[in-house]
4 protein chains.
Amino acid sequence: MHKSEIRDIGLAPEGRKKIAWVRSNMPLLRGIEADFEKTRPFAGIRVALSIHLEAKTAYLCHVLKAGGAEMYITGSNPLSTQDDVAAALAEAGMTVYAWHASTAAEYEAHIRKTVECGPGIVIDDGGDLVSMIHNDYPHLIDGIIGGCEETTTGILRLLAMDKNKTLKFPMVLVNNAQCKHLFDNRYGTGQSVWDGINRTTNLSVSGKTVVVAGYGWCGKGVAMRAKGFGANVIITEIDPVKAIEAYMDGFGVMKMTDAAPLGDIFVTVTGCDDVISDQHFWLMKDGAILCNAGHFDVEVNVAKLNEIADEVKEQRKNIVGYRLADRWLNVLAEGRLVNLAAGDGHPAEIMDMSFAIQALSARYLVANKGKIAQMIIDVPADIDRDVALRKLHSLGITIDKLTDAQEKYLGL
Amino acid sequence: MHKSEIRDIGLAPEGRKKIAWVRSNMPLLRGIEADFEKTRPFAGIRVALSIHLEAKTAYLCHVLKAGGAEMYITGSNPLSTQDDVAAALAEAGMTVYAWHASTAAEYEAHIRKTVECGPGIVIDDGGDLVSMIHNDYPHLIDGIIGGCEETTTGILRLLAMDKNKTLKFPMVLVNNAQCKHLFDNRYGTGQSVWDGINRTTNLSVSGKTVVVAGYGWCGKGVAMRAKGFGANVIITEIDPVKAIEAYMDGFGVMKMTDAAPLGDIFVTVTGCDDVISDQHFWLMKDGAILCNAGHFDVEVNVAKLNEIADEVKEQRKNIVGYRLADRWLNVLAEGRLVNLAAGDGHPAEIMDMSFAIQALSARYLVANKGKIAQMIIDVPADIDRDVALRKLHSLGITIDKLTDAQEKYLGL
Amino acid sequence: MHKSEIRDIGLAPEGRKKIAWVRSNMPLLRGIEADFEKTRPFAGIRVALSIHLEAKTAYLCHVLKAGGAEMYITGSNPLSTQDDVAAALAEAGMTVYAWHASTAAEYEAHIRKTVECGPGIVIDDGGDLVSMIHNDYPHLIDGIIGGCEETTTGILRLLAMDKNKTLKFPMVLVNNAQCKHLFDNRYGTGQSVWDGINRTTNLSVSGKTVVVAGYGWCGKGVAMRAKGFGANVIITEIDPVKAIEAYMDGFGVMKMTDAAPLGDIFVTVTGCDDVISDQHFWLMKDGAILCNAGHFDVEVNVAKLNEIADEVKEQRKNIVGYRLADRWLNVLAEGRLVNLAAGDGHPAEIMDMSFAIQALSARYLVANKGKIAQMIIDVPADIDRDVALRKLHSLGITIDKLTDAQEKYLGL
Amino acid sequence: MHKSEIRDIGLAPEGRKKIAWVRSNMPLLRGIEADFEKTRPFAGIRVALSIHLEAKTAYLCHVLKAGGAEMYITGSNPLSTQDDVAAALAEAGMTVYAWHASTAAEYEAHIRKTVECGPGIVIDDGGDLVSMIHNDYPHLIDGIIGGCEETTTGILRLLAMDKNKTLKFPMVLVNNAQCKHLFDNRYGTGQSVWDGINRTTNLSVSGKTVVVAGYGWCGKGVAMRAKGFGANVIITEIDPVKAIEAYMDGFGVMKMTDAAPLGDIFVTVTGCDDVISDQHFWLMKDGAILCNAGHFDVEVNVAKLNEIADEVKEQRKNIVGYRLADRWLNVLAEGRLVNLAAGDGHPAEIMDMSFAIQALSARYLVANKGKIAQMIIDVPADIDRDVALRKLHSLGITIDKLTDAQEKYLGL
């Protein structure tokens, strides 16, 4: 264990309280923690982890530590790191390199230090750790058993590396697990994005025209909840099948240039950059709200907006207004993930499922050390099913089983 | 062309009118018809087709015929065949073996005659044609280029055959196409099931407890529309992930034995048999409505219900009441597909997509005659995409495209 | 009892079956029937009734007859009369003047004959009976104890008469009862309109742009269910508060001239005439569906459409196409109430509440004969409450009661 | 102007920023402010105001001041007062007596000082000012032109006073205006309650069983949005008609004792006390969340809960856990209005309508000084309509108008 670099260890009690609260609402991880305490699957293994550093992530760190891991932790976004939570982890004997609102240089330095622990397991969110290791620390690769990637965007980066044969250790595509993307991306993003927008703006969603860029699982969740708030929803897409789905769900479907003048609130969830940019800004209404729940801070091109604005000012906490001639465009949370940078991220019960997949996938990597041939692997189906059954059990739900006769009828 | 076996050729004008109406609402097939008229991809090929014989299917037959096919047609369910539509097809020079409410023996005879044409292409819905050919007409197999299967259930049967190496010609799994199952199974079934139930019962759905067995795409559609009508929805499932999805969608999730006493209306959409059976009937409320939108007439075990009932009587057209002591259970459409046997099936625009996939898949089989190695193939991705783009075009919707810079950012 | 004028007494068995079905789903009326059989509140009284003549209305007639009434019955719309139901009523000893698709002259003759019975109680739907009596049979007014009016539109006519002091006997405004308009107009119209549209067109509602003219209780119901089907909904209104409600519910709100080019399906529920007329027809899309669920056949100006059309033809049962140059507009059920003229009207459980109000209001009139000073009276609050409690009881629902302490806290 | 009693005048800049933000989203008040600046309707009049003291209320104060009023301001709940906003008002030359988390004694003292200004107009929220004046400052009554009451609960208190003839100056029932209760109570409460719950708990709403006590406009809003989040909703009611509405909307309806063991989250919106109390606490699940959006802190009987708990601790900011044997019940915001005490209250655009009614009603009182006979008056219909038209105008929405022919048809 190394010396943590955090804001203020004195914040640890508040962080501990936050972690205790999410722990009480994460029954799957509690069960896994109990298992890990007995079996110690990570004994003697260093785990480098980069996930948005708030209470739920912190509890995952505790669970891995309970399994014997030596934890090295950084955040995955300067705005989503909560200093009290970081302090609580440091206090509990883990090494943490992260603070809220770090500069780009600090953020990179924290990633470097985390990587420099020489990890056996890498747990990544968006690919920053994996990318840094391959680029700047190739000598550490031999020591790495494997890793897990949390997000759609990170997976796109891994697939590109795999295609080019540049990926050098096995990565589990956690996001592809059913118990991850079907719930986290849809119900998690759906709720937490609106939590972030509502608390930040205190504006009505009912009646508003909400433009959602992207109709993948995240976009479906954001749109579904916008509809649940009484909004009039417009979807932009590049995939024709998803576009038809959006149309059949009763949403307007059009190009962003057509949606730009109509929207009151814009949410990007595409995984791509430059989705809302200068060809759109000039078309928008005065007072339009822009935010992102996709990845990094590139979906809404805030850099460009900053460049062309006549005036920039903070309108309210986490809202920066950019004036273009006589119209103000209001960007939430600097265009970073609005649910994390202006909220507390996904609900605890959702992350309970996602992080159960993470914890069990990490255990799988260790248990199968050296036996995994491909560099890219999906979460094993039995882990997915195990998590689903744990979730049903935690809800007290019992479901039907096929009878022998039914199995026979189905030719199973 | 052989002599059709239909109820009454005099019904043809009414059938023609029905076909003209759906044609005016099926722009994708109209475009394909125009293409086929020019290219004649099925010239000289006999097509044996077994799909629910109503107007939309009839228009598909016209489209294939426009492509040069010699059509041999039967229905896929005795109750869903519409005699006026069958007459219109016969009148238009196709060979039809089908009539409404055929006996089991007549139904089988019609399938046999259809098969006996010696088809080059087989278009099947549930697997009756394919099964009959393999079992009783193996000598015809050599002449068969391949076939298409429309349904989830038919695909389950094909996969079982393929596993046993008993499938002897290539079958395209039409249902697996995105433009099929994402729309037909969900939005098509969702709307048409409630059309069938509402017109048959004239009862309120608002406030009722609706039990949906199965939360696949069809079940999701049926449940979504039940919620749209203001029902209180309960889902039964055997798959734990789907069960959690249903829970997260706000539905009750439980075993059928627990749901049985709560339900006012039951809809089965599982693809399995005996889903509602004698262990459930005795638990139900007086006046409960039972219907099926899955496959055949085996999901609700009507045979068993008939056996144990103290009294059976027709309550209203398409509703048979079964009295068990002091409670009446009301079965719609004899437990057959309620949307087809007590309605007109899916909306025309939905079938336009599904049948566009069928028509283009059939063309693909002919164009790749002899070149297809596997017995089980998915619809080629470019057909799926082509249909999606045709659909967007028909709706007048334009969507965004990735810029070169964005493609580069994504590593595409 | 006089000789009925109906289509065919031989249809009575089918009508009886329909009435038995609705009876089994109308528990409130069954309870009232049992009360009436004992107390015979209408003994010796002639009741003239004009309501859409289908099974639920027929059962109300049975209930009134069970209370001793001598029933004289006509329909309230030539297309909504069901001949089998009329036959069953005649067979049961009531006098019926009505048949399906009567000409305007026949329809008027039937109303006249019904009025000529010299009623003690008048049960009206839209005001035809009351209007006819005041205009052409003033000598009968002295014998009339009072009447009940079912609809919003009928009430508007009564209020106008009352303002002019031309109303000469007390009328109960049944529609104003909470147990009537909150349920019948909203949930009843909401479901039955879409039942009518779906079974008539067999087209998809998902994704379609549905224009609802009027956002009163009926319009709210139609729009809510359209949204439940996945439609994109636009509201037109003349009342600014209702327009804001529609906006806050996430619907588009605009003038009909702006909505006309956008709509795929139009439903009028305003109670006014000429809502969709020739300034709109020329703006509409080819294939647009037009229907009415308001009153009579004047909301969509079909007469005007007929006048300007280049060609008129039946497209499908209950759908007439009107060609204006190169576009076809498709009118359902001749612009009459689509839920009644192309369906079976409201669900039985909904009409159970509405007709319970009717039956108890009629009893109230008789019990208070000569004591009612005003010509326009609302349904007494205790009848409304009685019906609500009967409904909850039929559903097996128990609700909370204020404790004494709570009543005191509230100052009750 | 007197010396304000506030926490810290140094917070004024942050408060000013908050007020500027809501101002930019309250176009109706901006228009009224412009009118008032010209006409100065309140010149020389002291206005005592007690409304939840956050930014939107503050902007109302500015608008009244722009109309010439001398403002004396207090909050209406110790937890909803925001100290920075109070500072900004004081800085702008208004007299403010309020700070966050005042003790009961301080809260009362602040109300007294506000009343002691000797107001001409009283603007009240829940009846505290009116009650205090009648009880302890009867000599001030003569100077009072009249007042406005914002809430349902306050109105109940006024009606009780009026019934007893103890109300001594005219009060406008602002809540009864359509532009108030149809929007503020439904869409405002609906959104802001969930904003408060979500940001406070960071728990999932999807799938949860949410129990809403009360199905008035507020309850309808809370339930509608719970459904929009994918919750399974149960309603408790004492009114049978509202109970049936809840049933028809697809919600479970039962007594609180039956709902208590099922609920994950409870929200009270009844206006009554003791709605959830010790007969319910012992029935609840471990981890149940309890909150109130009705009035004061009496709907959930927190005092009783505190009395019977084995242990009490803060679980997270604004969440206090009460342990009853082995179960923890978690109360949000001390059982006070969760949307105000744990959030920022209603969205700005909603309060824009409510406060437009307030401002114009206050102007009406002054303009009609001495001419108002009754003590209880509704908002004049032309004010309601004026606000509705201003709202539509601000949204850029144009609606239809009746033609002369239509007016004639309707007998208007």
# chains A, B, ... in the order shown; residues from 1 in each chain; ligands from 1
call {"tool": "interface_residues", "arguments": {"of": "chain C", "to": "chain A", "cutoff": "7 Å", "atoms": "only C-alpha atoms", "output": "ChimeraX atom specification"}}
result
/C:206-207,230-232,247-251
call {"tool": "write_last_selection", "arguments": {"atoms": "N, CA, C and O atoms", "output": "compact mmCIF listing (two decimals), in the first residue's frame"}}
result
# COMPACT_ATOMS: atom_id res chain seq x y z
N SER C 206 -49.06 2.65 -33.41
CA SER C 206 -47.69 2.98 -32.97
C SER C 206 -47.01 3.87 -33.99
O SER C 206 -46.96 3.53 -35.18
N GLY C 207 -46.46 4.95 -33.52
CA GLY C 207 -45.68 5.82 -34.38
C GLY C 207 -46.52 6.82 -35.16
O GLY C 207 -46.01 7.84 -35.58
N GLY C 230 -48.55 4.07 -28.37
CA GLY C 230 -47.30 4.49 -28.98
C GLY C 230 -47.47 5.53 -30.07
O GLY C 230 -46.57 5.71 -30.88
N ALA C 231 -48.60 6.21 -30.07
CA ALA C 231 -48.78 7.27 -31.07
C ALA C 231 -48.11 8.56 -30.61
O ALA C 231 -47.83 8.75 -29.44
N ASN C 232 -47.89 9.42 -31.55
CA ASN C 232 -47.45 10.79 -31.36
C ASN C 232 -48.72 11.62 -31.44
O ASN C 232 -49.37 11.64 -32.47
N TYR C 247 -50.50 20.43 -23.39
CA TYR C 247 -49.06 20.69 -23.53
C TYR C 247 -48.28 20.02 -22.40
O TYR C 247 -47.26 19.36 -22.63
N MET C 248 -48.76 20.18 -21.17
CA MET C 248 -48.06 19.62 -20.02
C MET C 248 -48.10 18.09 -20.04
O MET C 248 -47.27 17.43 -19.41
N ASP C 249 -49.09 17.52 -20.72
CA ASP C 249 -49.14 16.07 -20.86
C ASP C 249 -48.22 15.57 -21.98
O ASP C 249 -48.21 14.38 -22.27
N GLY C 250 -47.48 16.49 -22.57
CA GLY C 250 -46.48 16.08 -23.56
C GLY C 250 -47.00 16.00 -24.98
O GLY C 250 -46.34 15.46 -25.86
N PHE C 251 -48.21 16.54 -25.19
CA PHE C 251 -48.78 16.47 -26.53
C PHE C 251 -48.47 17.75 -27.30
O PHE C 251 -48.32 18.82 -26.72
call {"tool": "residues_around", "arguments": {"residues": "stretch 128-133 of chain D", "least_positions_apart": "2", "cutoff": "10 Å", "atoms": "only C-alpha atoms", "output": "ChimeraX atom specification"}}
result
/D:48-51,74,76,108,111-112,114-116,118,122-126,135-141,147-149,154,157-158,161,167-169,171
call {"tool": "select_by_dssp", "arguments": {"residues": "stretch 19-123 of chain B", "states": "helix (DSSP H, G or I)", "output": "ChimeraX atom specification"}}
result
/B:19-24,27-39,55-66,83-91,104-115
call {"tool": "write_last_selection", "arguments": {"atoms": "C-alpha atoms", "output": "PDB file, in the first residue's frame"}}
result
ATOM      1  CA  ILE B  19     -56.253  -6.874 -50.338  1.00  0.00           C
ATOM      2  CA  ALA B  20     -56.467  -3.485 -52.032  1.00  0.00           C
ATOM      3  CA  TRP B  21     -56.822  -1.824 -48.611  1.00  0.00           C
ATOM      4  CA  VAL B  22     -53.749  -3.483 -47.144  1.00  0.00           C
ATOM      5  CA  ARG B  23     -51.820  -2.882 -50.354  1.00  0.00           C
ATOM      6  CA  SER B  24     -52.460   0.816 -49.990  1.00  0.00           C
ATOM      7  CA  PRO B  27     -45.500   0.710 -49.224  1.00  0.00           C
ATOM      8  CA  LEU B  28     -42.431  -1.532 -48.794  1.00  0.00           C
ATOM      9  CA  LEU B  29     -44.088  -4.473 -50.516  1.00  0.00           C
ATOM     10  CA  ARG B  30     -45.368  -2.157 -53.248  1.00  0.00           C
ATOM     11  CA  GLY B  31     -41.793  -1.101 -53.936  1.00  0.00           C
ATOM     12  CA  ILE B  32     -40.593  -4.709 -53.952  1.00  0.00           C
ATOM     13  CA  GLU B  33     -43.497  -5.703 -56.209  1.00  0.00           C
ATOM     14  CA  ALA B  34     -42.371  -3.061 -58.681  1.00  0.00           C
ATOM     15  CA  ASP B  35     -38.797  -4.399 -58.508  1.00  0.00           C
ATOM     16  CA  PHE B  36     -39.930  -8.002 -58.911  1.00  0.00           C
ATOM     17  CA  GLU B  37     -42.103  -7.181 -61.904  1.00  0.00           C
ATOM     18  CA  LYS B  38     -38.995  -6.035 -63.677  1.00  0.00           C
ATOM     19  CA  THR B  39     -36.506  -8.635 -62.493  1.00  0.00           C
ATOM     20  CA  ALA B  55     -55.285  -9.961 -46.688  1.00  0.00           C
ATOM     21  CA  LYS B  56     -51.671  -9.091 -45.852  1.00  0.00           C
ATOM     22  CA  THR B  57     -50.471 -12.600 -46.579  1.00  0.00           C
ATOM     23  CA  ALA B  58     -52.472 -12.480 -49.771  1.00  0.00           C
ATOM     24  CA  TYR B  59     -50.645  -9.388 -50.877  1.00  0.00           C
ATOM     25  CA  LEU B  60     -47.302 -11.092 -50.202  1.00  0.00           C
ATOM     26  CA  CYS B  61     -48.511 -13.876 -52.504  1.00  0.00           C
ATOM     27  CA  HIS B  62     -49.274 -11.290 -55.173  1.00  0.00           C
ATOM     28  CA  VAL B  63     -45.799  -9.820 -54.789  1.00  0.00           C
ATOM     29  CA  LEU B  64     -44.130 -13.216 -55.166  1.00  0.00           C
ATOM     30  CA  LYS B  65     -46.317 -13.970 -58.142  1.00  0.00           C
ATOM     31  CA  ALA B  66     -45.319 -10.629 -59.644  1.00  0.00           C
ATOM     32  CA  ASP B  83     -62.605 -17.336 -47.170  1.00  0.00           C
ATOM     33  CA  ASP B  84     -63.027 -14.150 -49.175  1.00  0.00           C
ATOM     34  CA  VAL B  85     -59.295 -13.591 -49.264  1.00  0.00           C
ATOM     35  CA  ALA B  86     -58.676 -17.195 -50.309  1.00  0.00           C
ATOM     36  CA  ALA B  87     -61.212 -16.722 -53.092  1.00  0.00           C
ATOM     37  CA  ALA B  88     -59.510 -13.566 -54.326  1.00  0.00           C
ATOM     38  CA  LEU B  89     -56.174 -15.387 -54.565  1.00  0.00           C
ATOM     39  CA  ALA B  90     -57.701 -18.286 -56.449  1.00  0.00           C
ATOM     40  CA  GLU B  91     -59.407 -15.870 -58.778  1.00  0.00           C
ATOM     41  CA  ALA B 104     -58.040 -31.262 -38.358  1.00  0.00           C
ATOM     42  CA  ALA B 105     -58.257 -33.763 -41.210  1.00  0.00           C
ATOM     43  CA  GLU B 106     -59.062 -31.084 -43.780  1.00  0.00           C
ATOM     44  CA  TYR B 107     -56.281 -28.886 -42.465  1.00  0.00           C
ATOM     45  CA  GLU B 108     -53.761 -31.670 -42.861  1.00  0.00           C
ATOM     46  CA  ALA B 109     -55.058 -32.550 -46.310  1.00  0.00           C
ATOM     47  CA  HIS B 110     -54.593 -28.929 -47.374  1.00  0.00           C
ATOM     48  CA  ILE B 111     -51.020 -28.920 -46.156  1.00  0.00           C
ATOM     49  CA  ARG B 112     -50.333 -32.151 -48.026  1.00  0.00           C
ATOM     50  CA  LYS B 113     -51.734 -30.803 -51.276  1.00  0.00           C
ATOM     51  CA  THR B 114     -49.694 -27.636 -50.920  1.00  0.00           C
ATOM     52  CA  VAL B 115     -46.528 -29.636 -50.371  1.00  0.00           C
TER      53      VAL B 115
END
call {"tool": "atom_distance", "arguments": {"atom1": "atom CA of D:Tyr97", "atom2": "atom CA of D:Tyr72"}}
result
7.8 Å
call {"tool": "residues_around", "arguments": {"residues": "A:Asn176", "least_positions_apart": "4", "cutoff": "10 Å", "atoms": "only C-alpha atoms", "output": "list in words"}}
result
Glu149, Glu150, Thr151, Thr152, Ile155, Val172, Lys180, His181, Leu182, Ile377, Asp378, Val379 and Asp384 of chain A
call {"tool": "residues_around", "arguments": {"residues": "D:Lys371", "least_positions_apart": "5", "cutoff": "12 Å", "atoms": "only C-alpha atoms", "output": "list in words"}}
result
Ile145, Gly146, Phe169, Pro170, Tyr364, Leu365 and Val366 of chain D
call {"tool": "atom_distance", "arguments": {"atom1": "atom CA of C:Asp400", "atom2": "atom CA of D:Thr236"}}
result
6.9 Å
call {"tool": "residues_around", "arguments": {"residues": "C:Glu5", "least_positions_apart": "5", "cutoff": "8 Å", "atoms": "only C-alpha atoms", "output": "list in words"}}
result
Val96, Tyr97, Ala98 and Trp99 of chain C
call {"tool": "atom_distance", "arguments": {"atom1": "atom CA of C:Leu283", "atom2": "atom CA of C:Gly263"}}
result
10.0 Å
call {"tool": "closest_residue", "arguments": {"among": "D:Met224, D:Leu173, D:Ile399, D:Leu412", "to": "D:Gln191", "atoms": "only C-alpha atoms"}}
result
D:Met224
call {"tool": "residues_around", "arguments": {"residues": "stretch 294-308 of chain A", "least_positions_apart": "3", "cutoff": "8 Å", "atoms": "only C-alpha atoms", "output": "ChimeraX atom specification"}}
result
/A:77,126,153,268-278,281,290-291,312,322,324,331,334-337
call {"tool": "write_last_selection", "arguments": {"atoms": "N, CA, C and O atoms", "output": "tab-separated table (two decimals), in the first residue's frame"}}
result
chain	number	residue	atom	x	y	z
A	77	ASN	N	-13.30	10.31	-14.04
A	77	ASN	CA	-13.77	11.60	-14.52
A	77	ASN	C	-13.52	12.61	-13.41
A	77	ASN	O	-13.95	12.39	-12.28
A	126	GLY	N	-14.10	2.95	-19.58
A	126	GLY	CA	-13.85	3.86	-20.68
A	126	GLY	C	-12.50	3.64	-21.32
A	126	GLY	O	-12.20	4.21	-22.37
A	153	THR	N	-18.50	2.42	-24.60
A	153	THR	CA	-17.44	3.15	-25.28
A	153	THR	C	-16.11	2.47	-25.10
A	153	THR	O	-15.32	2.34	-26.04
A	268	THR	N	-27.16	13.92	-24.94
A	268	THR	CA	-26.42	13.07	-25.89
A	268	THR	C	-26.01	11.77	-25.19
A	268	THR	O	-25.50	11.78	-24.08
A	269	VAL	N	-26.27	10.66	-25.85
A	269	VAL	CA	-25.89	9.34	-25.32
A	269	VAL	C	-25.48	8.44	-26.46
A	269	VAL	O	-26.01	7.35	-26.65
A	270	THR	N	-24.47	8.89	-27.21
A	270	THR	CA	-24.10	8.17	-28.43
A	270	THR	C	-22.80	7.41	-28.32
A	270	THR	O	-22.59	6.45	-29.06
A	271	GLY	N	-21.87	7.87	-27.48
A	271	GLY	CA	-20.54	7.28	-27.48
A	271	GLY	C	-19.63	7.87	-28.54
A	271	GLY	O	-18.48	7.46	-28.66
A	272	CYS	N	-20.13	8.84	-29.29
A	272	CYS	CA	-19.34	9.45	-30.36
A	272	CYS	C	-19.06	10.91	-30.00
A	272	CYS	O	-19.68	11.47	-29.11
A	273	ASP	N	-18.14	11.55	-30.70
A	273	ASP	CA	-17.86	12.96	-30.41
A	273	ASP	C	-18.62	13.87	-31.35
A	273	ASP	O	-19.19	13.42	-32.35
A	274	ASP	N	-18.70	15.13	-30.98
A	274	ASP	CA	-19.15	16.18	-31.89
A	274	ASP	C	-20.59	15.98	-32.37
A	274	ASP	O	-20.94	16.32	-33.50
A	275	VAL	N	-21.41	15.42	-31.50
A	275	VAL	CA	-22.79	15.11	-31.88
A	275	VAL	C	-23.61	16.39	-31.96
A	275	VAL	O	-24.47	16.55	-32.83
A	276	ILE	N	-23.36	17.29	-31.02
A	276	ILE	CA	-23.98	18.62	-31.09
A	276	ILE	C	-22.83	19.61	-31.22
A	276	ILE	O	-21.97	19.68	-30.35
A	277	SER	N	-22.81	20.31	-32.32
A	277	SER	CA	-21.66	21.15	-32.58
A	277	SER	C	-22.08	22.46	-33.24
A	277	SER	O	-23.25	22.83	-33.18
A	278	ASP	N	-21.13	23.15	-33.85
A	278	ASP	CA	-21.45	24.52	-34.25
A	278	ASP	C	-22.47	24.64	-35.37
A	278	ASP	O	-23.10	25.67	-35.50
A	281	PHE	N	-25.59	24.78	-32.86
A	281	PHE	CA	-25.75	25.80	-31.83
A	281	PHE	C	-26.54	27.01	-32.31
A	281	PHE	O	-27.40	27.55	-31.62
A	290	LEU	N	-28.28	22.01	-22.58
A	290	LEU	CA	-27.50	20.96	-23.26
A	290	LEU	C	-26.77	20.13	-22.23
A	290	LEU	O	-26.07	20.67	-21.36
A	291	CYS	N	-26.90	18.82	-22.35
A	291	CYS	CA	-26.09	17.99	-21.46
A	291	CYS	C	-25.77	16.66	-22.12
A	291	CYS	O	-26.31	16.31	-23.16
A	312	VAL	N	-19.67	34.23	-21.54
A	312	VAL	CA	-19.81	32.97	-20.82
A	312	VAL	C	-20.00	33.31	-19.35
A	312	VAL	O	-19.25	34.12	-18.80
A	322	TYR	N	-23.73	30.13	-22.30
A	322	TYR	CA	-22.91	30.64	-23.40
A	322	TYR	C	-23.82	31.50	-24.26
A	322	TYR	O	-24.84	31.04	-24.74
A	324	LEU	N	-24.66	33.38	-27.61
A	324	LEU	CA	-24.37	33.54	-29.04
A	324	LEU	C	-25.31	34.64	-29.52
A	324	LEU	O	-26.52	34.41	-29.63
A	331	VAL	N	-25.18	24.94	-20.65
A	331	VAL	CA	-24.55	23.62	-20.63
A	331	VAL	C	-24.43	23.14	-19.19
A	331	VAL	O	-23.94	23.86	-18.31
A	334	GLU	N	-20.43	21.04	-17.49
A	334	GLU	CA	-19.33	21.17	-18.46
A	334	GLU	C	-19.41	20.16	-19.60
A	334	GLU	O	-18.41	19.84	-20.25
A	335	GLY	N	-20.59	19.61	-19.83
A	335	GLY	CA	-20.74	18.62	-20.90
A	335	GLY	C	-20.24	17.25	-20.52
A	335	GLY	O	-20.22	16.33	-21.33
A	336	ARG	N	-19.84	17.10	-19.24
A	336	ARG	CA	-19.46	15.76	-18.77
A	336	ARG	C	-20.73	15.00	-18.37
A	336	ARG	O	-21.82	15.56	-18.38
A	337	LEU	N	-20.57	13.74	-17.97
A	337	LEU	CA	-21.73	12.91	-17.64
A	337	LEU	C	-22.60	13.59	-16.60
A	337	LEU	O	-22.24	13.71	-15.44
call {"tool": "select_by_dssp", "arguments": {"residues": "stretch 276-341 of chain D", "states": "strand (DSSP E)", "output": "list of chain:residue names"}}
result
D:Ile289, D:Leu290, D:Cys291, D:Asn292, D:Glu311, D:Val312, D:Lys313, D:Glu314, D:Gln315, D:Arg316, D:Ile319, D:Val320, D:Gly321, D:Tyr322, D:Arg323, D:Leu324, D:Arg327, D:Trp328, D:Leu329, D:Asn330, D:Val331, D:Leu332
call {"tool": "closest_residue", "arguments": {"among": "B:Phe266, B:Phe183, B:Trp282, B:Phe355", "to": "B:Arg327", "atoms": "only C-alpha atoms"}}
result
B:Trp282
